[in-house]
Structures are given as structure tokens and as C-alpha cells.
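**Q** Hey, dropping work-v7.txt in here, compact mmCIF, C-alpha atoms:
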```txt
# COMPACT_ATOMS: atom_id res chain seq x y z
CA MET A 13 -122.22 -84.27 -70.52
CA ASN A 14 -122.42 -80.48 -70.56
CA PRO A 15 -119.71 -78.70 -72.58
CA PRO A 16 -117.16 -76.76 -70.53
CA ALA A 17 -117.88 -73.09 -69.96
CA ARG A 18 -115.88 -70.50 -71.82
CA ARG A 19 -113.06 -69.15 -69.73
CA SER A 20 -113.90 -65.65 -70.90
CA SER A 21 -117.32 -65.89 -69.24
CA GLY A 22 -115.59 -65.19 -65.91
CA THR A 23 -113.59 -62.18 -67.10
CA LEU A 24 -113.26 -59.50 -64.43
CA GLN A 25 -115.03 -56.33 -65.53
CA SER A 26 -113.07 -53.96 -63.31
CA LEU A 27 -109.50 -53.38 -62.20
CA ARG A 28 -107.97 -56.19 -60.18
CA GLU A 29 -107.39 -55.22 -56.55
CA PRO A 30 -103.60 -54.88 -56.25
CA LEU A 31 -101.76 -56.75 -53.53
CA PRO A 32 -99.19 -54.91 -51.38
CA TRP A 33 -95.54 -55.11 -52.38
CA PRO A 34 -92.62 -53.76 -50.34
CA GLU A 35 -91.54 -50.32 -51.48
CA GLY A 36 -88.27 -50.46 -53.37
CA ARG A 37 -88.09 -54.26 -53.57
CA PRO A 38 -87.41 -55.46 -57.12
CA PHE A 39 -90.01 -57.73 -58.70
CA ARG A 40 -88.02 -60.26 -60.71
CA ILE A 41 -89.58 -62.01 -63.71
CA LEU A 42 -88.14 -64.89 -65.70
CA SER A 43 -89.70 -65.23 -69.16
CA ILE A 44 -88.95 -68.28 -71.34
CA ASP A 45 -89.95 -68.56 -75.01
CA GLY A 46 -91.41 -71.56 -76.76
CA GLY A 47 -89.42 -73.43 -79.38
CA GLY A 48 -89.82 -77.19 -79.20
CA ILE A 49 -86.60 -79.11 -78.63
CA ARG A 50 -84.75 -75.80 -78.99
CA GLY A 51 -85.73 -75.38 -75.35
CA ILE A 52 -82.25 -76.85 -74.89
CA LEU A 53 -80.98 -73.28 -75.26
CA PRO A 54 -82.80 -71.63 -72.30
CA ALA A 55 -82.38 -74.81 -70.23
CA SER A 56 -78.61 -74.68 -70.93
CA ILE A 57 -78.41 -70.98 -70.08
CA LEU A 58 -80.17 -71.52 -66.76
CA THR A 59 -78.08 -74.60 -65.99
CA GLN A 60 -74.84 -72.74 -66.54
CA LEU A 61 -76.02 -69.81 -64.42
CA GLU A 62 -76.87 -72.24 -61.61
CA GLU A 63 -73.53 -73.99 -61.78
CA ARG A 64 -71.53 -70.74 -61.90
CA TYR A 65 -73.39 -68.69 -59.31
CA LEU A 66 -75.81 -70.95 -57.40
CA PRO A 67 -74.17 -74.35 -56.93
CA GLY A 68 -76.69 -76.87 -55.64
CA LYS A 69 -79.62 -74.43 -55.84
CA SER A 70 -82.50 -73.95 -58.27
CA ILE A 71 -82.40 -70.69 -60.21
CA GLY A 72 -86.20 -70.64 -60.14
CA ASP A 73 -86.03 -69.73 -56.46
CA TYR A 74 -84.60 -66.33 -57.39
CA PHE A 75 -87.62 -65.08 -59.33
CA ASP A 76 -90.97 -63.76 -58.13
CA LEU A 77 -92.82 -64.84 -61.28
CA ILE A 78 -91.99 -67.21 -64.13
CA ALA A 79 -93.79 -67.02 -67.48
CA GLY A 80 -93.18 -69.78 -69.98
CA THR A 81 -94.71 -70.85 -73.27
CA SER A 82 -94.65 -74.37 -74.73
CA THR A 83 -91.17 -75.78 -74.03
CA GLY A 84 -90.60 -72.69 -71.90
CA GLY A 85 -93.74 -73.56 -69.97
CA ILE A 86 -92.35 -77.00 -69.17
CA ILE A 87 -89.15 -75.41 -67.86
CA ALA A 88 -91.14 -72.86 -65.85
CA LEU A 89 -93.29 -75.53 -64.22
CA ALA A 90 -90.23 -77.54 -63.18
CA LEU A 91 -88.42 -74.51 -61.77
CA SER A 92 -91.51 -73.49 -59.78
CA LEU A 93 -91.20 -76.71 -57.78
CA GLY A 94 -87.58 -76.10 -56.89
CA LEU A 95 -86.16 -78.49 -59.49
CA THR A 96 -82.86 -77.39 -60.96
CA ALA A 97 -82.40 -76.35 -64.55
CA ARG A 98 -79.87 -79.18 -64.82
CA THR A 99 -82.68 -81.65 -64.11
CA VAL A 100 -84.72 -80.22 -66.99
CA LEU A 101 -81.76 -80.05 -69.36
CA ASP A 102 -80.86 -83.68 -68.68
CA ILE A 103 -84.40 -84.70 -69.64
CA TYR A 104 -84.14 -82.77 -72.91
CA MET A 105 -80.73 -84.19 -73.75
CA GLN A 106 -81.50 -87.78 -72.74
CA HIS A 107 -85.06 -88.10 -74.05
CA GLY A 108 -85.38 -85.45 -76.76
CA ALA A 109 -84.59 -87.95 -79.50
CA GLU A 110 -87.38 -90.19 -78.23
CA VAL A 111 -89.98 -87.40 -78.37
CA PHE A 112 -88.68 -86.05 -81.71
CA PRO A 113 -87.27 -89.12 -83.49
CA ALA A 114 -85.12 -88.33 -86.50
CA LEU A 115 -85.52 -90.03 -89.84
CA LYS A 116 -83.03 -92.78 -90.57
CA SER A 117 -80.57 -92.38 -93.40
CA ASP A 118 -82.60 -91.01 -96.30
CA PRO A 119 -80.23 -89.96 -99.12
CA LEU A 120 -82.99 -90.02 -101.74
CA LYS A 121 -85.33 -87.98 -99.48
CA ILE A 122 -88.03 -90.63 -99.85
CA ARG A 123 -88.87 -90.85 -96.14
CA THR A 124 -88.63 -87.07 -95.84
CA GLY A 125 -91.16 -86.71 -98.62
CA LEU A 126 -93.48 -89.29 -97.08
CA ARG A 127 -93.31 -87.54 -93.71
CA PHE A 128 -94.14 -84.22 -95.38
CA VAL A 129 -97.15 -85.70 -97.22
CA ARG A 130 -98.37 -87.41 -94.05
CA GLY A 131 -97.91 -84.16 -92.15
CA LEU A 132 -100.34 -82.41 -94.47
CA ARG A 133 -103.17 -84.38 -92.88
CA HIS A 134 -101.85 -85.70 -89.58
CA HIS A 135 -99.69 -84.56 -86.67
CA THR A 136 -96.07 -85.67 -86.91
CA TYR A 137 -95.18 -86.98 -83.44
CA ASP A 138 -96.62 -89.17 -80.71
CA ALA A 139 -97.68 -86.96 -77.79
CA ASP A 140 -97.77 -89.98 -75.45
CA LYS A 141 -93.97 -90.05 -75.46
CA LEU A 142 -93.86 -86.47 -74.25
CA GLN A 143 -96.57 -87.07 -71.67
CA ARG A 144 -94.73 -90.06 -70.19
CA GLN A 145 -91.68 -87.89 -69.55
CA LEU A 146 -93.80 -85.13 -68.02
CA GLU A 147 -95.61 -87.59 -65.75
CA ARG A 148 -92.26 -88.92 -64.61
CA VAL A 149 -91.23 -85.41 -63.57
CA PHE A 150 -94.49 -83.98 -62.21
CA GLY A 151 -96.55 -87.02 -61.27
CA ALA A 152 -99.96 -85.82 -60.03
CA THR A 153 -98.62 -82.52 -58.64
CA LEU A 154 -101.13 -79.68 -58.84
CA LEU A 155 -100.42 -76.21 -60.17
CA GLY A 156 -101.35 -74.93 -56.72
CA ALA A 157 -98.25 -76.64 -55.29
CA ALA A 158 -95.88 -74.31 -57.19
CA GLN A 159 -93.63 -72.16 -55.00
CA ARG A 160 -93.32 -69.43 -57.65
CA ARG A 161 -96.02 -67.42 -59.41
CA LEU A 162 -96.64 -68.91 -62.85
CA CYS A 163 -98.24 -67.76 -66.10
CA ILE A 164 -98.43 -70.51 -68.74
CA PRO A 165 -100.23 -69.55 -72.00
CA THR A 166 -102.19 -71.87 -74.27
CA PHE A 167 -105.40 -71.56 -76.27
CA ASP A 168 -108.55 -73.61 -75.97
CA GLY A 169 -111.24 -75.28 -78.06
CA PHE A 170 -113.23 -72.05 -78.29
CA THR A 171 -110.17 -70.46 -79.94
CA GLU A 172 -109.79 -68.27 -76.88
CA VAL A 173 -106.54 -67.42 -75.16
CA ASN A 174 -106.02 -69.30 -71.94
CA ILE A 175 -103.35 -68.67 -69.29
CA PHE A 176 -102.83 -71.19 -66.51
CA LYS A 177 -102.04 -69.20 -63.37
CA THR A 178 -101.03 -70.10 -59.86
CA PRO A 179 -103.37 -68.87 -57.07
CA HIS A 180 -101.24 -65.81 -56.30
CA HIS A 181 -104.26 -63.47 -56.40
CA LYS A 182 -107.69 -63.90 -54.90
CA ASN A 183 -109.24 -63.69 -58.37
CA TYR A 184 -107.28 -66.76 -59.53
CA GLU A 185 -109.65 -69.35 -58.16
CA ARG A 186 -109.69 -72.17 -60.70
CA ASP A 187 -106.30 -73.16 -62.11
CA TRP A 188 -104.71 -74.38 -58.89
CA ARG A 189 -106.72 -77.62 -59.29
CA GLU A 190 -105.07 -78.40 -62.63
CA GLN A 191 -102.30 -80.97 -62.70
CA MET A 192 -98.96 -79.64 -63.86
CA VAL A 193 -98.92 -82.30 -66.56
CA THR A 194 -102.16 -80.83 -67.93
CA ALA A 195 -100.69 -77.33 -68.12
CA ALA A 196 -97.48 -78.65 -69.68
CA MET A 197 -99.23 -80.75 -72.33
CA ALA A 198 -101.67 -77.94 -73.13
CA THR A 199 -99.03 -75.25 -73.67
CA ALA A 200 -96.78 -77.63 -75.67
CA ALA A 201 -99.43 -79.05 -78.05
CA ALA A 202 -97.83 -77.44 -81.10
CA PRO A 203 -100.11 -77.64 -84.17
CA THR A 204 -98.85 -80.07 -86.85
CA TYR A 205 -96.23 -81.49 -84.46
CA PHE A 206 -98.57 -82.85 -81.77
CA PRO A 207 -102.32 -83.46 -81.61
CA VAL A 208 -104.64 -81.09 -79.80
CA TYR A 209 -104.47 -81.95 -76.10
CA LYS A 210 -107.73 -83.37 -74.75
CA ASP A 211 -108.58 -83.21 -71.06
CA ARG A 212 -112.03 -83.97 -69.56
CA GLY A 213 -113.95 -82.64 -72.53
CA ARG A 214 -111.64 -79.67 -73.01
CA PHE A 215 -109.24 -79.06 -75.87
CA PHE A 216 -105.98 -77.10 -75.82
CA ALA A 217 -103.22 -76.16 -78.25
CA ASP A 218 -99.81 -74.52 -78.02
CA GLY A 219 -99.62 -71.04 -76.50
CA GLY A 220 -96.84 -70.24 -78.96
CA VAL A 221 -99.50 -69.52 -81.57
CA TRP A 222 -100.23 -66.20 -79.87
CA ALA A 223 -97.59 -65.69 -77.16
CA ASN A 224 -94.43 -67.57 -78.05
CA ASN A 225 -92.53 -64.90 -76.14
CA PRO A 226 -94.58 -64.50 -72.92
CA VAL A 227 -92.72 -61.47 -71.56
CA MET A 228 -95.80 -59.20 -71.71
CA ILE A 229 -97.97 -61.84 -70.06
CA GLY A 230 -95.65 -61.90 -67.07
CA LEU A 231 -95.26 -58.13 -66.94
CA VAL A 232 -98.99 -57.37 -67.19
CA ASP A 233 -99.75 -59.92 -64.48
CA ALA A 234 -97.16 -58.39 -62.15
CA LEU A 235 -98.44 -54.85 -62.67
CA ALA A 236 -102.11 -55.85 -62.45
CA CYS A 237 -101.76 -57.94 -59.29
CA HIS A 238 -99.37 -55.88 -57.18
CA GLN A 239 -98.81 -52.36 -55.92
CA ILE A 240 -95.51 -51.91 -57.69
CA GLU A 241 -93.98 -49.18 -59.79
CA ARG A 242 -92.99 -50.08 -63.32
CA ARG A 243 -89.33 -49.38 -62.57
CA GLN A 244 -89.38 -51.98 -59.78
CA VAL A 245 -89.83 -54.74 -62.36
CA HIS A 246 -86.73 -56.48 -63.72
CA ILE A 247 -87.07 -59.11 -66.44
CA LEU A 248 -84.74 -61.82 -67.71
CA SER A 249 -86.12 -62.99 -71.07
CA LEU A 250 -84.72 -66.16 -72.67
CA GLY A 251 -85.27 -67.08 -76.30
CA SER A 252 -84.86 -70.44 -77.98
CA GLY A 253 -83.48 -69.19 -81.28
CA ASP A 254 -85.86 -67.15 -83.44
CA THR A 255 -86.37 -67.91 -87.11
CA GLU A 256 -85.72 -64.75 -89.09
CA ILE A 257 -87.21 -65.05 -92.57
CA ALA A 258 -86.89 -62.29 -95.16
CA ILE A 259 -89.72 -61.67 -97.63
CA THR A 260 -88.74 -63.35 -100.89
CA GLU A 261 -89.18 -62.23 -104.47
CA LYS A 262 -91.69 -65.02 -105.13
CA GLN A 263 -93.73 -64.01 -102.07
CA ILE A 264 -93.85 -60.49 -103.45
CA LYS A 265 -94.72 -61.47 -107.04
CA LEU A 266 -96.78 -64.63 -106.63
CA GLY A 267 -97.95 -64.91 -103.03
CA GLY A 268 -99.95 -68.04 -102.35
CA LEU A 269 -99.91 -70.60 -99.55
CA TRP A 270 -96.86 -72.46 -100.81
CA TYR A 271 -94.58 -69.43 -100.78
CA TRP A 272 -95.92 -68.31 -97.40
CA ARG A 273 -95.73 -71.76 -95.79
CA GLU A 274 -93.21 -70.50 -93.21
CA ILE A 275 -95.51 -67.69 -92.10
CA ILE A 276 -96.07 -69.27 -88.66
CA ALA A 277 -92.37 -69.08 -87.87
CA SER A 278 -92.32 -65.47 -89.10
CA ALA A 279 -95.36 -64.65 -86.98
CA MET A 280 -93.67 -66.07 -83.87
CA HIS A 281 -90.60 -63.95 -84.55
CA LEU A 282 -92.69 -60.80 -85.07
CA GLN A 283 -94.77 -61.46 -81.93
CA SER A 284 -91.57 -61.71 -79.93
CA GLN A 285 -90.27 -58.43 -81.34
CA ASN A 286 -93.55 -56.71 -80.51
CA ALA A 287 -93.71 -58.12 -76.97
CA MET A 288 -90.12 -57.06 -76.24
CA GLY A 289 -90.80 -53.58 -77.60
CA GLN A 290 -93.92 -53.16 -75.47
CA ALA A 291 -92.21 -54.42 -72.32
CA GLY A 292 -89.27 -52.11 -72.93
CA LEU A 293 -91.58 -49.11 -73.30
CA LEU A 294 -93.33 -49.94 -70.03
CA ILE A 295 -90.36 -50.56 -67.75
CA GLY A 296 -87.38 -49.29 -69.77
CA ARG A 297 -85.04 -51.42 -71.83
CA ASP A 298 -82.42 -51.09 -69.11
CA GLN A 299 -84.71 -53.17 -66.87
CA LEU A 300 -85.07 -55.89 -69.51
CA LEU A 301 -82.30 -58.36 -70.37
CA ARG A 302 -82.83 -60.59 -73.40
CA LEU A 303 -80.64 -63.62 -74.18
CA ASN A 304 -81.15 -65.47 -77.43
CA ALA A 305 -79.25 -67.26 -80.17
CA PRO A 306 -78.19 -65.07 -83.09
CA PRO A 307 -80.42 -65.28 -86.18
CA MET A 308 -79.58 -68.12 -88.54
CA PRO A 309 -81.50 -67.17 -91.69
CA GLN A 310 -79.77 -69.66 -93.98
CA SER A 311 -79.85 -72.69 -91.72
CA SER A 312 -82.37 -72.21 -88.95
CA ILE A 313 -82.79 -75.08 -86.50
CA GLU A 314 -86.25 -76.60 -86.76
CA LEU A 315 -88.38 -76.98 -83.64
CA ASP A 316 -88.07 -80.77 -83.86
CA ASP A 317 -84.38 -81.05 -84.81
CA TYR A 318 -82.93 -82.76 -81.75
CA GLU A 319 -79.59 -83.56 -83.37
CA ARG A 320 -78.70 -79.97 -84.27
CA SER A 321 -80.25 -78.51 -81.11
CA SER A 322 -78.29 -80.81 -78.80
CA ARG A 323 -75.06 -80.15 -80.70
CA GLU A 324 -75.22 -76.44 -81.51
CA LEU A 325 -77.24 -74.75 -78.76
CA PRO A 326 -75.25 -75.58 -75.57
CA PRO A 327 -72.09 -73.82 -76.92
CA ILE A 328 -74.23 -70.77 -77.74
CA ALA A 329 -75.55 -70.84 -74.17
CA THR A 330 -71.97 -70.92 -72.87
CA ARG A 331 -71.07 -67.82 -74.85
CA LEU A 332 -74.20 -65.96 -73.70
CA VAL A 333 -73.52 -66.76 -70.05
CA GLU A 334 -69.86 -65.74 -70.36
CA GLU A 335 -70.98 -62.39 -71.79
CA ASN A 336 -73.93 -61.71 -69.47
CA GLY A 337 -73.56 -63.94 -66.41
CA ASP A 338 -72.13 -61.37 -64.01
CA ALA A 339 -74.84 -58.83 -64.89
CA ILE A 340 -77.54 -61.46 -64.41
CA CYS A 341 -76.09 -62.47 -61.06
CA GLU A 342 -76.00 -58.87 -59.85
CA ARG A 343 -79.51 -58.01 -61.02
CA PHE A 344 -81.39 -61.24 -60.35
CA LEU A 345 -79.46 -63.71 -58.20
CA PHE A 346 -78.56 -61.56 -55.19
CA GLU A 347 -81.00 -63.34 -52.82
CA PRO A 348 -83.82 -65.91 -53.06
CA ALA A 349 -87.34 -64.63 -53.65
CA ALA A 350 -89.95 -65.36 -51.01
CA PRO A 351 -92.57 -67.95 -52.04
CA TYR A 352 -95.84 -66.24 -52.92
CA LYS A 353 -98.86 -66.29 -50.62
CA ALA A 354 -101.35 -68.79 -52.06
CA PHE A 355 -105.03 -67.87 -51.78
CA TYR A 356 -106.28 -71.35 -52.70
CA GLY A 357 -105.01 -74.91 -52.92
CA PRO A 358 -102.53 -77.01 -50.94
CA ARG A 359 -100.30 -74.06 -50.01
CA ALA A 360 -103.11 -71.74 -48.87
CA GLU A 361 -103.23 -70.86 -45.21
CA GLY A 362 -106.20 -72.28 -43.33
```
Could you show the structure in this file as C-alpha cells?
**A**
Amino acid sequence: MNPPARRSSGTLQSLREPLPWPEGRPFRILSIDGGGIRGILPASILTQLEERYLPGKSIGDYFDLIAGTSTGGIIALALSLGLTARTVLDIYMQHGAEVFPALKSDPLKIRTGLRFVRGLRHHTYDADKLQRQLERVFGATLLGAAQRRLCIPTFDGFTEVNIFKTPHHKNYERDWREQMVTAAMATAAAPTYFPVYKDRGRFFADGGVWANNPVMIGLVDALACHQIERRQVHILSLGSGDTEIAITEKQIKLGGLWYWREIIASAMHLQSQNAMGQAGLLIGRDQLLRLNAPPMPQSSIELDDYERSSRELPPIATRLVEENGDAICERFLFEPAAPYKAFYGPRAEG
């Protein structure tokens, strides 16, 4: 069997031909961060927005493009099919403990220690449990069936960035054939938590490694694919609770892998800051609305902590929606977005 070709081998060497876009019409982007079971936060925010302003409707129908990484990618895929945020949130709340099972009572920290030692050489959780839930939601639905433009980042076995895209431009010829379950499992295959996702000789891992906040992925795609002015783009960016870690005295004096073991979480936080800064420079911060949990430097919620996520994040979502809901409704929820024109796949015109 021949190895799969590198995705980069098909990279366009010129500017992409922009598609027409109505003058003055806003281009609305929803961007959803990764964060494991902390995806309860953006799912709760979207659910509360639906129930306050769009009863019985899917909030995904009010965006022209949805970018989502890891857990945010799962939410994005569901919304692109017209499923409600409530549907996604219920899955997280009802099955999150199955995907991320907590340790039983462990006052002496024996099981915690054994899990840590095992995690040094082996992934922590069973990806089949996640895949079963995704198959229940998406079945064999193809990416090309999505009603909304999608950008779902991951990275592949060549250690190259990979973005699953709907066929909303004539250059996007390949990804529409992918099953949504494939895209979801690929973007959510978080290193150390889940194994690398294998599919027909290909290998994928979590897009959060390089684009945990996918706001720039969505913005660049919109500007590259359409004849729109930067100020026509409006973005709602949802976080899942960043981990803010200060440099410690021991990191300064001693360094070493042990003292920098949380560097991945720090890198995700810094990538998000950078992406938000770049997006703000391109379209103006007044066009960019970011909702996220406040930093919790002393007691951050881990990506696999279902118990704390399910208890603490929905009330935070309530507060964020109370503070920002009317502005979101005015800027994003004023009318449904038209489904994109598909160039390939089941939605393409004959």
C-alpha cells in the first residue's frame, strides 16, 4: 500500500481567486477554542444564547463560517448540520464522565500516582468511548453535507498542519469526502490524553497543538476566499478557560523538563493571545468579541476534569451571556446566514 501523499504537495502557489460577496453584508465568523471537557463552557454559552434569543433554532445557522479546534471542532461540526447547541451540551453533560472517567476515592493518591506513571508511556483515555458518541451524532455524514463553511484544524503524520475544510471554494476539492467523525476524531486526538487517530493509513493529532484558538484560521479563510473588506468581518470568539501560568522561580533558576512540564498549557494560552492580537489588528478589536472564563491561576480546571467543568463552567457561561448577550444578538443574530454554495459533494449543484 502506497503511503498517503503530503497535503502540502497540493499547496496553491498563487492567490486564491476570491468569490463575490455582497457589498456591505457582514461576514459572520464563530470561532471556538479547544479545551477537552471544558468545551462545556462554549457549549453552555451557545445554548443560553439560543434559548434567550433563538428559541427552537440552531445558533450555527447565524454564522457564515465556523472554525473550531478539538472540542470546539466537535461543536462546530454539529452546528454546521443545524443541530442545536443544547444537543451538544447534553452530550457533554451526560457522557463526559464516560469519556473522561474520574478516579475513585484516592485519599492516599496511590491511583493518582499510578495514572501519572502510566501516562508517561501511554495515553490516558480510551478513544473508542469518544468515537462511539461521535458516531451516534454524525453517523456516516460527510463533511460536504455541512450547511456552514467549516475550518477544523489538526496535524498529520508528516507533522504538517492540516485543516479540514468544507467545499466552499473551488480549490477545496478533497475534504468533502471525509466523514465528520474522521474530522472530529482527528482534531480532538489530544496528545497524552488520546492516541493518535488512525484512518486508512493516515495519522492525525489534535489541532490544539498549533491552533487551539482558531480565530486566525477562520479570518484568513474568509479574506482569502471572498471579495470582502476587512471591516465587513465580525467575529464571535469563544474560549474554554485558558490556563494562565506565571514563570516560577525554579523555572528561572533551574529550568529542566520537570519545572516546565506545564509548557503545553502555557503555549496554548500564548497562541490564543497572539491569534486574538493578529485578528484585532486586521479587522479592529471592535469587530471582535471574545468570551472566556476568567483566569484561574491557582486552581485551573484540567482538560479532563469533568466534575469541575460540569459544576463550575455553566454558571460562568450564564454570567457571560447576561453581560454580552444583547450585543451578540444585535451583531450576529439579526438574521440567518445563507448556506454556502458547495462546489463539490452532496450539496453541489449538478
**Q** Quick one: residues within 9 Å of A:Asp316, all atoms listed in the file counted, chain neighbours fewer than 4 positions away excluded, as a list in words?
**A**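 Contacts, in chain order: Gly47, Gly48, Ile49, Arg50, Gly108, Val111, Phe112, Pro113, Ala114, Tyr205 and Ser321 of chain A.
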**Q** Quick one: residues within 8 Å of A:Leu345, only C-alpha atoms, excluding same-chain residues fewer than 3 positions away - as a list in words?
**A**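 Answer for this query is Tyr65, Ile71, Tyr74, Ile340, Cys341, Glu342 and Pro348 of chain A.
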**Q** Next, dump the selected residues to file, keeping only C-alpha atoms, as a JSON list (two decimals), keeping the file's coordinate frame.
**A**
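To be explicit, this is the file written out as out-v5.json:
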```
[["chain", "number", "residue", "atom", "x", "y", "z"],
["A", 65, "TYR", "CA", -73.39, -68.69, -59.31],
["A", 71, "ILE", "CA", -82.40, -70.69, -60.21],
["A", 74, "TYR", "CA", -84.60, -66.33, -57.39],
["A", 340, "ILE", "CA", -77.54, -61.46, -64.41],
["A", 341, "CYS", "CA", -76.09, -62.47, -61.06],
["A", 342, "GLU", "CA", -76.00, -58.87, -59.85],
["A", 348, "PRO", "CA", -83.82, -65.91, -53.06]]
```
**Q** Of the residues A:Ile52, A:Met197, A:Leu235, A:Val221, which is the one nearest to A:Gly253, using only C-alpha atoms?
**A**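 Under the stated criterion, the closest residue is A:Ile52.
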**Q** Would you kindly return, as a ChimeraX atom specification, each protein, DNA or RNA residue with an atom no farther than 9 Å from any atom of A:Met228, considering only C-alpha atoms and excluding same-chain residues fewer than 3 positions away?
**A** /A:43,223,225,231-233,287-288,290-291
**Q** Could you jot down the atom CA of A:Gly46 to atom CA of A:Leu300 separation for me, Å, one decimal place?
**A**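 Atom-to-atom, atom CA of A:Gly46 to atom CA of A:Leu300, that is 18.4 Å.
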**Q** In Å to one decimal, how far is atom CA of A:Tyr137 from atom CA of A:Thr59?
**A**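 Distance reported for this atom pair: 27.4 Å.
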**Q** For each of A:Asn224, A:Leu93, A:Thr136, A:Ile295, take the minimum atom-to-atom distance to A:Ala279, counting only C-alpha atoms, then give the residue where this is smallest.
**A**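 Counting only C-alpha atoms, the residue closest to A:Ala279 is A:Asn224.
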**Q** Using only C-alpha atoms, pick whichever of A:Leu77, A:Ala198, A:Ala236, A:Met105 has the shortest atom-to-atom distance to A:Asn183.
**A**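 Residue with the minimum atom-to-atom distance to A:Asn183: A:Ala236.
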**Q** Please indicate the distance in Å from atom CA of A:Lys177 to atom CA of A:Cys163, rounded to one decimal place.
**A** 4.9 Å
**Q** Would you give the centre and edge lengths, in Å to one decimal, of a box along x, y and z around the listed atoms of stretch 86-104 of chain A, with 6 Å added to each side, as lines of an AutoDock Vina configuration file?
**A**
```
center_x = -86.6
center_y = -78.8
center_z = -64.9
size_x = 25.4
size_y = 23.8
size_z = 28.0
```
**Q** Compute the distance from (-109.8, -62.5, -53.5) to each atom, counting only C-alpha atoms, keep the residues with any atom at most 10 Å away, and return them as a PyMOL selection string; use the coordinates of the file.
**A** chain A and resi 28-29+31+179-185+355-356
**Q** Could you check which residues have any atom within 7 Å of (-92.5, -69.7, -69.9), counting all atoms listed in the file with coordinates taken straight from the file, and then list them as a list in words?
**A**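 All residues meeting the 7 Å criterion around (-92.5, -69.7, -69.9) are Ser43, Ile44, Asp45, Ile78, Ala79, Gly80, Thr81, Gly84, Gly85, Ile87, Ala88, Ile164 and Pro226 of chain A.
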**Q** Neighbouring residues of stretch 301-311 of chain A were defined as those with any atom within 9 Å, considering all atoms listed in the file; residues of the same chain fewer than 6 positions away were excluded. Please report them as number ranges by chain.
**A** A: 53-54, 57, 246-258, 288, 325, 328-329, 332-333, 336, 340
**Q** Using all atoms listed in the file, can you tell me which of A:Asp211, A:Glu172, A:Asp218, A:Glu335 comes closest to A:Ser20?
**A** A:Glu172
**Q** Using only C-alpha atoms, which residue out of A:Gly94, A:Pro67, A:Gly72, A:Gly230 lies closest to A:Ala157?
**A**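 Using only C-alpha atoms, A:Ala157 sits closest to A:Gly94.
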